[in-house]
Amino acid sequence: MVRLTREPIDFHALTESVRDPHCGAVATFLGTVRDVTGSQVTVCLDYDAYGPMAEKKLAEIEARVRERWPVAHVAMVHRLGRLAVGEVSVAVAVSSPHRAGAFDALRFAVDTLKELVPIWKKENAPDGTGEWVHQSGVGSRDAGVGRPGCSDGGQQ
């Protein structure tokens, strides 16, 4: 199961959705909004995505996980919109017969999601400035560079 949502992620339900009587391991990752990135204070994040491509890439990652590890279930959900410090921005859960497979599959899914899925985040500072960056950390001080549909210099 993969999806993008503008609603809060119910990570308890997500975890339960991957539990399986044939699996002894469930591994879950929660990405949360932190208040400092490097030396920059963050008051909130805005997430945006190219939806159809992002969902396609998420499905490809799920398929790659299933090819490489004996997982029963994979769930990946990413939030879009404005998120406050402490909110869950991404949740990934996998179930597998054994913990090693669950850990390995989870790490691959999270790392590959951050690398390949066209989702951008805007880190908003207390002074009202912000910077759009791709999740992998590749960013630009020109707020609109690299972000589709951002002709207004990144202001929304």
# chains A, B, ... in the order shown; residues from 1 in each chain; ligands from 1

call {"tool": "select_by_dssp", "arguments": {"residues": "chain A", "states": "alpha helix (DSSP H)", "output": "PyMOL selection string"}}
result
chain A and resi 11-18+51-68+99-116

call {"tool": "write_last_selection", "arguments": {"atoms": "C-alpha atoms", "output": "PDB file, in the first residue's frame"}}
result
ATOM      1  CA  PHE A  11       0.918   5.333  12.117  1.00  0.00           C
ATOM      2  CA  HIS A  12      -0.697   2.959  14.606  1.00  0.00           C
ATOM      3  CA  ALA A  13      -3.196   1.841  11.945  1.00  0.00           C
ATOM      4  CA  LEU A  14      -0.396   1.711   9.352  1.00  0.00           C
ATOM      5  CA  THR A  15       1.641  -0.593  11.589  1.00  0.00           C
ATOM      6  CA  GLU A  16      -1.381  -2.808  12.245  1.00  0.00           C
ATOM      7  CA  SER A  17      -2.083  -2.988   8.491  1.00  0.00           C
ATOM      8  CA  VAL A  18       1.199  -4.813   7.849  1.00  0.00           C
ATOM      9  CA  GLY A  51       1.518  13.319  -7.328  1.00  0.00           C
ATOM     10  CA  PRO A  52       1.183  10.851 -10.198  1.00  0.00           C
ATOM     11  CA  MET A  53       4.943  10.371 -10.507  1.00  0.00           C
ATOM     12  CA  ALA A  54       5.438  10.201  -6.734  1.00  0.00           C
ATOM     13  CA  GLU A  55       2.825   7.451  -6.393  1.00  0.00           C
ATOM     14  CA  LYS A  56       4.353   5.590  -9.356  1.00  0.00           C
ATOM     15  CA  LYS A  57       7.812   5.742  -7.747  1.00  0.00           C
ATOM     16  CA  LEU A  58       6.429   4.607  -4.387  1.00  0.00           C
ATOM     17  CA  ALA A  59       4.825   1.594  -6.104  1.00  0.00           C
ATOM     18  CA  GLU A  60       8.133   0.812  -7.845  1.00  0.00           C
ATOM     19  CA  ILE A  61       9.933   0.896  -4.490  1.00  0.00           C
ATOM     20  CA  GLU A  62       7.338  -1.453  -2.999  1.00  0.00           C
ATOM     21  CA  ALA A  63       7.872  -3.857  -5.925  1.00  0.00           C
ATOM     22  CA  ARG A  64      11.666  -3.719  -5.502  1.00  0.00           C
ATOM     23  CA  VAL A  65      11.331  -4.455  -1.781  1.00  0.00           C
ATOM     24  CA  ARG A  66       9.153  -7.480  -2.553  1.00  0.00           C
ATOM     25  CA  GLU A  67      11.706  -8.750  -5.119  1.00  0.00           C
ATOM     26  CA  ARG A  68      14.621  -8.550  -2.680  1.00  0.00           C
ATOM     27  CA  ARG A  99      13.800  -9.179  11.889  1.00  0.00           C
ATOM     28  CA  ALA A 100      16.884  -8.987   9.641  1.00  0.00           C
ATOM     29  CA  GLY A 101      14.717  -8.978   6.515  1.00  0.00           C
ATOM     30  CA  ALA A 102      12.329  -6.456   8.032  1.00  0.00           C
ATOM     31  CA  PHE A 103      15.156  -4.088   9.027  1.00  0.00           C
ATOM     32  CA  ASP A 104      16.915  -4.387   5.660  1.00  0.00           C
ATOM     33  CA  ALA A 105      13.728  -3.944   3.640  1.00  0.00           C
ATOM     34  CA  LEU A 106      12.668  -0.960   5.749  1.00  0.00           C
ATOM     35  CA  ARG A 107      15.996   0.829   5.386  1.00  0.00           C
ATOM     36  CA  PHE A 108      16.031   0.242   1.628  1.00  0.00           C
ATOM     37  CA  ALA A 109      12.457   1.525   1.274  1.00  0.00           C
ATOM     38  CA  VAL A 110      13.092   4.693   3.294  1.00  0.00           C
ATOM     39  CA  ASP A 111      16.449   5.499   1.689  1.00  0.00           C
ATOM     40  CA  THR A 112      15.126   4.866  -1.828  1.00  0.00           C
ATOM     41  CA  LEU A 113      11.984   6.927  -1.161  1.00  0.00           C
ATOM     42  CA  LYS A 114      14.090   9.908  -0.102  1.00  0.00           C
ATOM     43  CA  GLU A 115      16.349   9.494  -3.140  1.00  0.00           C
ATOM     44  CA  LEU A 116      13.856   8.876  -5.953  1.00  0.00           C
TER      45      LEU A 116
END

call {"tool": "select_by_dssp", "arguments": {"residues": "segment 83-122 of chain A", "states": "strand (DSSP E or B)", "output": "JSON, numbers by chain"}}
result
{"A": [83, 84, 88, 89, 90, 91, 92, 93, 94, 95, 96, 119, 120, 121, 122]}

call {"tool": "write_last_selection", "arguments": {"atoms": "N, CA and C atoms", "output": "PDB file, in the first residue's frame"}}
result
ATOM      1  N   LEU A  83       3.117  21.148   7.750  1.00  0.00           N
ATOM      2  CA  LEU A  83       3.237  20.309   8.936  1.00  0.00           C
ATOM      3  C   LEU A  83       3.979  21.058  10.022  1.00  0.00           C
ATOM      4  N   ALA A  84       3.488  20.953  11.244  1.00  0.00           N
ATOM      5  CA  ALA A  84       4.109  21.586  12.401  1.00  0.00           C
ATOM      6  C   ALA A  84       5.227  20.699  12.948  1.00  0.00           C
ATOM      7  N   VAL A  88       4.194  13.773  11.978  1.00  0.00           N
ATOM      8  CA  VAL A  88       4.765  12.714  11.154  1.00  0.00           C
ATOM      9  C   VAL A  88       4.597  13.088   9.685  1.00  0.00           C
ATOM     10  N   SER A  89       5.728  13.149   8.967  1.00  0.00           N
ATOM     11  CA  SER A  89       5.691  13.490   7.545  1.00  0.00           C
ATOM     12  C   SER A  89       5.704  12.260   6.656  1.00  0.00           C
ATOM     13  N   VAL A  90       6.313  11.186   7.112  1.00  0.00           N
ATOM     14  CA  VAL A  90       6.370   9.953   6.330  1.00  0.00           C
ATOM     15  C   VAL A  90       6.369   8.769   7.285  1.00  0.00           C
ATOM     16  N   ALA A  91       5.655   7.721   6.883  1.00  0.00           N
ATOM     17  CA  ALA A  91       5.636   6.487   7.658  1.00  0.00           C
ATOM     18  C   ALA A  91       5.803   5.311   6.705  1.00  0.00           C
ATOM     19  N   VAL A  92       6.702   4.415   7.071  1.00  0.00           N
ATOM     20  CA  VAL A  92       6.950   3.212   6.278  1.00  0.00           C
ATOM     21  C   VAL A  92       6.932   2.038   7.244  1.00  0.00           C
ATOM     22  N   ALA A  93       6.232   0.974   6.873  1.00  0.00           N
ATOM     23  CA  ALA A  93       6.178  -0.224   7.701  1.00  0.00           C
ATOM     24  C   ALA A  93       6.260  -1.455   6.814  1.00  0.00           C
ATOM     25  N   VAL A  94       6.981  -2.457   7.289  1.00  0.00           N
ATOM     26  CA  VAL A  94       7.083  -3.731   6.572  1.00  0.00           C
ATOM     27  C   VAL A  94       6.959  -4.875   7.569  1.00  0.00           C
ATOM     28  N   SER A  95       6.423  -5.983   7.086  1.00  0.00           N
ATOM     29  CA  SER A  95       6.407  -7.193   7.901  1.00  0.00           C
ATOM     30  C   SER A  95       7.156  -8.279   7.145  1.00  0.00           C
ATOM     31  N   SER A  96       7.868  -9.095   7.907  1.00  0.00           N
ATOM     32  CA  SER A  96       8.713 -10.140   7.344  1.00  0.00           C
ATOM     33  C   SER A  96       8.793 -11.280   8.356  1.00  0.00           C
ATOM     34  N   ILE A 119       9.252  14.480  -4.207  1.00  0.00           N
ATOM     35  CA  ILE A 119       8.598  15.200  -3.121  1.00  0.00           C
ATOM     36  C   ILE A 119       9.580  16.264  -2.662  1.00  0.00           C
ATOM     37  N   TRP A 120       9.063  17.482  -2.490  1.00  0.00           N
ATOM     38  CA  TRP A 120       9.906  18.583  -2.033  1.00  0.00           C
ATOM     39  C   TRP A 120       9.384  19.083  -0.704  1.00  0.00           C
ATOM     40  N   LYS A 121      10.298  19.628   0.072  1.00  0.00           N
ATOM     41  CA  LYS A 121       9.865  20.239   1.320  1.00  0.00           C
ATOM     42  C   LYS A 121      10.418  21.651   1.382  1.00  0.00           C
ATOM     43  N   LYS A 122       9.630  22.525   1.969  1.00  0.00           N
ATOM     44  CA  LYS A 122      10.040  23.901   2.206  1.00  0.00           C
ATOM     45  C   LYS A 122      10.273  24.043   3.699  1.00  0.00           C
TER      46      LYS A 122
END

call {"tool": "closest_residue", "arguments": {"among": "A:Met1, A:Pro8, A:Pro21, A:Gly128", "to": "Val43 of chain A", "atoms": "only C-alpha atoms"}}
result
A:Gly128

call {"tool": "closest_residue", "arguments": {"among": "A:His98, A:Tyr47, A:Gln40, A:Ala27", "to": "Leu80 of chain A", "atoms": "only C-alpha atoms"}}
result
A:Tyr47

call {"tool": "atom_distance", "arguments": {"atom1": "atom CA of Asp48 of chain A", "atom2": "atom CA of Gly81 of chain A"}}
result
6.4 Å

call {"tool": "closest_residue", "arguments": {"among": "A:Thr42, A:Pro70, A:Thr5, A:Asp10", "to": "Thr129 of chain A", "atoms": "only C-alpha atoms"}}
result
A:Thr42
